[in-house]
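Step one of this worksheet: look at the structure below.
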Amino acid sequence: MSKITVDTARLPLLLNELRLPAISRLWQDIATRADKEGWPAARFLSALAELEVAERARRRIERHLAESRLPPGKTLDGFDFNALPMLSRAHVMALAAGDTWLAKGANLLLFGPPGCGKSHIAAALGRALIENGRRVLFMRTTDLVQRLQALQLAAAIGKLDRFDLLILDDIAYVTKDQAETSVLFELIAARYERRSLMITANQPFGDWNKVFPDPAMTVAAIDRLVHHATIFEMNVESYRRRTAIARKTKPDRQSGDSSP
Ligand code: ADP
Ligand code: MG
């Protein structure tokens with residue numbers, strides 16, 4: 001039987017024109033395998049399509065990680081759940097899947113003293129959600145307020161709509177002069193029941209009077225935040241402090257050990 005020859009000279013050009021980089025890179029390997037194993041044409045075509053789609057998903061996640069401003073290295077795998085007996089690992093993992101709470105614009109509020117792991121768990125959840133295809137932005141609340149103040153507010157809040165989840169780290173660190181402009185209230189009101197917020201704070205609500213221009217607005221903001229919210233109260237001692245103490249009390253040098 002004579003071997004059928006196919007003119008593939010134009011193929012790289014065509015695939016480039018169609019913006020199919022994964023197929024362009026891999027089709028020859030797959031074609032060789034398909035020829036060798038006698039794949040039906042339909043199987044060959046769907047194998048290529050799957051590759052391109054997988055590559056697009058991977059690149060999209062990379063872009064979303066790059067835009068997220070998440071602090072590096074904070075993952076759920078790297079979080080010691082034993083340090084927080086009141087926090088259910090299963091609950092956190094369910095939130096990491098994201099489907100139900102993000103779909104209805106529900107919120108997650110994390111309270112606890114400095115060092116208890118609020119920013120870590122917030123960032124780790126953000127990362128997991130991005131890996132599950134969501135868009136997330138992580139910001140210190142004071143930085144976000146500054147950014148909103150510098151821009152045309154409605155447009156800036158509109159732009160933040162593209163994020164399924166906005167993580168406002170350390171809301172209680174907003175300063176008096178920042179609070180006077182009420183941009184944070186506008187943001188909370190605009191996202192209410194549509195787009196999720198995750199908020200960390202050292203104090204649950206008590207301190208929040210200085211975050212908003214007046215007490216009525218504080219009440220209105222808290223009301224919207226808690227209406228559809230999961231609240232984690234992380235009342236444990238600072239993880240930093242505990243690990244420092246653990247290092248100190250552990251005999252850190254055995255007799256005869258001369259290492260520095
Ligand atoms: P907070 O935001 O509540 O002040 P952080 O999340 O910044 O605290 O935690 C302080 C440090 O301790 C960070 O380096 C964080 O990664 C680490 N850390 C806190 N809790 C845990 C934990 N349960 N497991 C692992 N690391 C933790
Ligand atoms: Mg923090």
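Ligands are numbered from 1 in the order shown, residues from 1 within each chain, and chains are lettered A, B, ... in the order they appear in the structure tokens.
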Which residues of chain A sit at most 6 Å from ligand 1, using only C-alpha atoms and all ligand atoms? Give each one's shortest atom pair and distance in Å (one decimal place), in chain and ascending residue order, as a tab-separated table.
residue	atom	partner	partner_atom_place_in_ligand_line	distance
A:Gly78	CA	ligand 1	25 (C)	5.8
A:Phe79	CA	ligand 1	24 (N)	3.7
A:Asp80	CA	ligand 1	24 (N)	3.6
A:Phe81	CA	ligand 1	23 (N)	5.3
A:Ala83	CA	ligand 1	23 (N)	4.9
A:Pro114	CA	ligand 1	4 (O)	3.7
A:Gly115	CA	ligand 1	8 (O)	3.4
A:Cys116	CA	ligand 1	3 (O)	4.1
A:Gly117	CA	ligand 1	6 (O)	3.2
A:Lys118	CA	ligand 1	3 (O)	3.7
A:Ser119	CA	ligand 1	2 (O)	3.7
A:His120	CA	ligand 1	6 (O)	3.6
A:Tyr239	CA	ligand 1	19 (C)	4.7
A:Arg240	CA	ligand 1	12 (O)	4.9
Protein and nucleic residues near ligand 2, 12 Å, only C-alpha atoms and all ligand atoms, as a PyMOL selection string: chain A and resi 71+74+110-123+138-141+167-173+199-202+238-240
Those same residues, written as a compact mmCIF listing (two decimals), in the first residue's frame with N, CA and C atoms?
# COMPACT_ATOMS: atom_id res chain seq x y z
N PRO A 71 -0.05 37.31 48.50
CA PRO A 71 1.30 37.12 49.01
C PRO A 71 1.79 35.72 48.64
N LYS A 74 1.65 31.31 50.63
CA LYS A 74 0.62 30.99 51.62
C LYS A 74 -0.40 30.04 50.99
N LEU A 110 -13.01 37.03 58.82
CA LEU A 110 -12.03 36.35 59.66
C LEU A 110 -11.58 37.29 60.77
N PHE A 111 -11.86 36.89 62.01
CA PHE A 111 -11.47 37.72 63.15
C PHE A 111 -10.48 36.97 64.03
N GLY A 112 -9.55 37.73 64.60
CA GLY A 112 -8.62 37.11 65.53
C GLY A 112 -7.44 38.03 65.78
N PRO A 113 -6.71 37.77 66.86
CA PRO A 113 -5.60 38.65 67.22
C PRO A 113 -4.46 38.57 66.19
N PRO A 114 -3.56 39.55 66.21
CA PRO A 114 -2.43 39.53 65.27
C PRO A 114 -1.66 38.21 65.35
N GLY A 115 -1.30 37.70 64.18
CA GLY A 115 -0.47 36.50 64.13
C GLY A 115 -1.22 35.19 64.20
N CYS A 116 -2.56 35.24 64.31
CA CYS A 116 -3.31 33.98 64.47
C CYS A 116 -3.50 33.26 63.13
N GLY A 117 -3.15 33.91 62.03
CA GLY A 117 -3.22 33.20 60.74
C GLY A 117 -4.30 33.69 59.80
N LYS A 118 -4.88 34.86 60.09
CA LYS A 118 -5.97 35.38 59.23
C LYS A 118 -5.49 35.62 57.80
N SER A 119 -4.40 36.35 57.66
CA SER A 119 -3.93 36.67 56.31
C SER A 119 -3.51 35.41 55.57
N HIS A 120 -2.92 34.48 56.32
CA HIS A 120 -2.49 33.23 55.68
C HIS A 120 -3.69 32.46 55.13
N ILE A 121 -4.70 32.28 55.95
CA ILE A 121 -5.84 31.48 55.50
C ILE A 121 -6.59 32.23 54.38
N ALA A 122 -6.65 33.56 54.48
CA ALA A 122 -7.32 34.34 53.43
C ALA A 122 -6.58 34.19 52.11
N ALA A 123 -5.26 34.33 52.15
CA ALA A 123 -4.47 34.22 50.92
C ALA A 123 -4.52 32.80 50.37
N PHE A 138 -6.36 40.38 46.21
CA PHE A 138 -5.99 40.48 47.62
C PHE A 138 -5.34 41.84 47.84
N MET A 139 -5.88 42.63 48.78
CA MET A 139 -5.24 43.92 49.07
C MET A 139 -5.33 44.27 50.54
N ARG A 140 -4.31 44.95 51.04
CA ARG A 140 -4.45 45.56 52.34
C ARG A 140 -5.55 46.61 52.19
N THR A 141 -6.45 46.66 53.16
CA THR A 141 -7.61 47.54 52.99
C THR A 141 -7.18 49.00 52.81
N ILE A 167 -10.41 40.35 48.56
CA ILE A 167 -9.96 40.12 49.93
C ILE A 167 -9.44 41.43 50.50
N LEU A 168 -10.11 41.92 51.54
CA LEU A 168 -9.69 43.16 52.20
C LEU A 168 -8.98 42.78 53.48
N ASP A 169 -7.66 42.86 53.46
CA ASP A 169 -6.89 42.44 54.62
C ASP A 169 -6.78 43.60 55.61
N ASP A 170 -7.01 43.31 56.88
CA ASP A 170 -6.87 44.30 57.96
C ASP A 170 -7.76 45.52 57.77
N ILE A 171 -9.07 45.30 57.78
CA ILE A 171 -10.00 46.42 57.56
C ILE A 171 -9.88 47.46 58.67
N ALA A 172 -9.59 47.03 59.90
CA ALA A 172 -9.57 47.97 61.02
C ALA A 172 -8.35 48.89 60.99
N TYR A 173 -7.44 48.68 60.03
CA TYR A 173 -6.27 49.56 59.92
C TYR A 173 -6.56 50.81 59.09
N ILE A 199 -12.95 39.47 54.49
CA ILE A 199 -12.40 40.57 55.28
C ILE A 199 -11.69 40.02 56.51
N THR A 200 -10.50 40.51 56.78
CA THR A 200 -9.83 40.13 58.02
C THR A 200 -9.76 41.34 58.94
N ALA A 201 -9.85 41.08 60.24
CA ALA A 201 -9.77 42.16 61.22
C ALA A 201 -9.31 41.61 62.56
N ASN A 202 -8.56 42.42 63.27
CA ASN A 202 -8.13 42.00 64.61
C ASN A 202 -9.28 42.01 65.59
N SER A 238 -0.83 34.11 68.87
CA SER A 238 -0.06 34.32 67.65
C SER A 238 0.78 33.10 67.28
N TYR A 239 0.65 32.69 66.04
CA TYR A 239 1.42 31.53 65.55
C TYR A 239 2.91 31.86 65.56
N ARG A 240 3.21 33.09 65.19
CA ARG A 240 4.61 33.53 65.22
C ARG A 240 5.18 33.36 66.61
Using only C-alpha atoms, which of the listed residues (A:Leu15, A:Arg33, A:Glu67, A:Ala22) sits closest to Glu55 in chain A?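 Going through A:Leu15, A:Arg33, A:Glu67, A:Ala22 one by one, the smallest distance to Glu55 in chain A is for A:Ala22.
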Which residues of range 41-160 of chain A have any atom within 9 Å of an atom in range 224-229 of chain A when counting only C-alpha atoms, and what is the closest pair of atoms for each, with the distance in Å to one decimal? Order the rows by chain and rising number and write it as CSV.
residue,atom,partner,partner_atom,distance
A:Trp101,CA,A:His228,CA,8.7
A:Lys104,CA,A:His228,CA,8.6
A:Gly105,CA,A:His228,CA,7.9
A:Ala106,CA,A:His228,CA,4.9
A:Asn107,CA,A:Ala229,CA,4.5
A:Leu108,CA,A:Ala229,CA,5.4
A:Leu109,CA,A:Ala229,CA,7.0
d(CA of Leu95 in chain A, CA of Asp164 in chain A) in Å: 13.1 Å
Between CA of Ala216 in chain A and CA of Ala156 in chain A lies a distance of 24.4 Å
How many Å lie between CA of Ala41 in chain A and CA of Arg58 in chain A, rounded to one decimal?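 Rounded to one decimal, the two atoms are 26.2 Å apart.
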For range 126-128 of chain A, find every residue with an atom within 8 Å (counting only C-alpha atoms), except residues of its own chain fewer than 4 positions away, and show them as a ChimeraX atom specification. /A:65,70,75-76,96-97,122,132,136-138,165,167
Kindly save the residues from that selection, with N, CA, C and O atoms included, as a PDB file, in the first residue's frame.
ATOM      1  N   LEU A  65      -3.471  34.483  38.696  1.00  0.00           N
ATOM      2  CA  LEU A  65      -2.541  34.521  39.829  1.00  0.00           C
ATOM      3  C   LEU A  65      -1.687  35.783  39.773  1.00  0.00           C
ATOM      4  O   LEU A  65      -1.449  36.435  40.784  1.00  0.00           O
ATOM      5  N   LEU A  70      -1.719  38.245  45.504  1.00  0.00           N
ATOM      6  CA  LEU A  70      -1.648  37.359  46.663  1.00  0.00           C
ATOM      7  C   LEU A  70      -0.223  37.299  47.172  1.00  0.00           C
ATOM      8  O   LEU A  70       0.714  37.241  46.382  1.00  0.00           O
ATOM      9  N   THR A  75      -0.341  28.786  51.390  1.00  0.00           N
ATOM     10  CA  THR A  75      -1.221  27.778  50.804  1.00  0.00           C
ATOM     11  C   THR A  75      -1.990  27.040  51.894  1.00  0.00           C
ATOM     12  O   THR A  75      -1.618  27.087  53.069  1.00  0.00           O
ATOM     13  N   LEU A  76      -3.056  26.364  51.490  1.00  0.00           N
ATOM     14  CA  LEU A  76      -3.807  25.543  52.446  1.00  0.00           C
ATOM     15  C   LEU A  76      -2.971  24.353  52.889  1.00  0.00           C
ATOM     16  O   LEU A  76      -3.026  23.940  54.046  1.00  0.00           O
ATOM     17  N   ALA A  96     -13.031  26.596  49.752  1.00  0.00           N
ATOM     18  CA  ALA A  96     -12.008  26.654  48.697  1.00  0.00           C
ATOM     19  C   ALA A  96     -12.572  26.211  47.347  1.00  0.00           C
ATOM     20  O   ALA A  96     -12.069  26.606  46.302  1.00  0.00           O
ATOM     21  N   ALA A  97     -13.627  25.392  47.377  1.00  0.00           N
ATOM     22  CA  ALA A  97     -14.262  24.982  46.122  1.00  0.00           C
ATOM     23  C   ALA A  97     -15.022  26.160  45.520  1.00  0.00           C
ATOM     24  O   ALA A  97     -15.061  26.337  44.305  1.00  0.00           O
ATOM     25  N   ALA A 122      -6.651  33.558  54.482  1.00  0.00           N
ATOM     26  CA  ALA A 122      -7.317  34.343  53.433  1.00  0.00           C
ATOM     27  C   ALA A 122      -6.575  34.190  52.107  1.00  0.00           C
ATOM     28  O   ALA A 122      -7.192  33.931  51.063  1.00  0.00           O
ATOM     29  N   ASN A 132      -9.218  27.041  41.105  1.00  0.00           N
ATOM     30  CA  ASN A 132     -10.513  26.491  40.688  1.00  0.00           C
ATOM     31  C   ASN A 132     -11.200  27.371  39.649  1.00  0.00           C
ATOM     32  O   ASN A 132     -12.405  27.244  39.431  1.00  0.00           O
ATOM     33  N   VAL A 136      -9.620  36.590  41.805  1.00  0.00           N
ATOM     34  CA  VAL A 136      -9.508  37.069  43.181  1.00  0.00           C
ATOM     35  C   VAL A 136      -8.503  38.214  43.230  1.00  0.00           C
ATOM     36  O   VAL A 136      -7.491  38.188  42.535  1.00  0.00           O
ATOM     37  N   LEU A 137      -8.807  39.232  44.045  1.00  0.00           N
ATOM     38  CA  LEU A 137      -7.831  40.294  44.300  1.00  0.00           C
ATOM     39  C   LEU A 137      -7.625  40.412  45.803  1.00  0.00           C
ATOM     40  O   LEU A 137      -8.582  40.505  46.569  1.00  0.00           O
ATOM     41  N   PHE A 138      -6.357  40.380  46.206  1.00  0.00           N
ATOM     42  CA  PHE A 138      -5.994  40.482  47.622  1.00  0.00           C
ATOM     43  C   PHE A 138      -5.344  41.841  47.840  1.00  0.00           C
ATOM     44  O   PHE A 138      -4.386  42.186  47.154  1.00  0.00           O
ATOM     45  N   LEU A 165     -14.020  37.531  43.973  1.00  0.00           N
ATOM     46  CA  LEU A 165     -13.756  37.720  45.397  1.00  0.00           C
ATOM     47  C   LEU A 165     -12.707  38.809  45.582  1.00  0.00           C
ATOM     48  O   LEU A 165     -11.670  38.816  44.927  1.00  0.00           O
ATOM     49  N   ILE A 167     -10.410  40.354  48.564  1.00  0.00           N
ATOM     50  CA  ILE A 167      -9.957  40.116  49.932  1.00  0.00           C
ATOM     51  C   ILE A 167      -9.437  41.432  50.502  1.00  0.00           C
ATOM     52  O   ILE A 167      -8.477  42.005  49.984  1.00  0.00           O
TER      53      ILE A 167
END
Please return as a list of chain:residue names: the residues of range 97-168 of chain A that backbone DSSP assigns to strand (DSSP E). A:Asn107, A:Leu108, A:Leu109, A:Leu110, A:Phe111, A:Val136, A:Leu137, A:Phe138, A:Met139, A:Arg140, A:Leu165, A:Leu166, A:Ile167, A:Leu168
Expected file: the selected residues, C-alpha atoms, as a short mmCIF file (atom, residue, chain, number, x, y, z; two decimals), in the first residue's frame:
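Resulting contents of result23.cif:
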data_model
loop_
_atom_site.label_atom_id
_atom_site.label_comp_id
_atom_site.auth_asym_id
_atom_site.auth_seq_id
_atom_site.Cartn_x
_atom_site.Cartn_y
_atom_site.Cartn_z
CA ASN A 107 -18.89 36.93 52.41
CA LEU A 108 -16.26 35.46 54.69
CA LEU A 109 -15.15 37.37 57.77
CA LEU A 110 -12.03 36.35 59.66
CA PHE A 111 -11.47 37.72 63.15
CA VAL A 136 -9.51 37.07 43.18
CA LEU A 137 -7.83 40.29 44.30
CA PHE A 138 -5.99 40.48 47.62
CA MET A 139 -5.24 43.92 49.07
CA ARG A 140 -4.45 45.56 52.34
CA LEU A 165 -13.76 37.72 45.40
CA LEU A 166 -12.09 40.77 46.87
CA ILE A 167 -9.96 40.12 49.93
CA LEU A 168 -9.69 43.16 52.20
#
Residues at most 10 Å from range 149-154 of chain A, counting only C-alpha atoms, excluding those fewer than 4 positions away in the same chain, as a PyMOL selection string? chain A and resi 143-145+158-159+178+181-184+186-187+190
Shell of 7 Å around Val211 in chain A, only C-alpha atoms, local chain residues under 5 positions omitted, as a ChimeraX atom specification: /A:172,174-176,179
Residues of the last selection are to be written out with C-alpha atoms, as a CSV table (one decimal), in the first residue's frame.
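Writing done, so here's selection_8.csv:
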chain,number,residue,atom,x,y,z
A,172,ALA,CA,-9.6,48.0,61.0
A,174,VAL,CA,-8.2,52.1,57.8
A,175,THR,CA,-7.3,55.6,59.2
A,176,LYS,CA,-9.6,58.3,60.2
A,179,ALA,CA,-12.7,56.7,56.5
Which of these residues is nearest to Gly73 in chain A, using only C-alpha atoms: A:Ala124, A:Glu193, A:Phe205, A:Asp223?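 Answer, going by the shortest atom-to-atom distance: A:Ala124.
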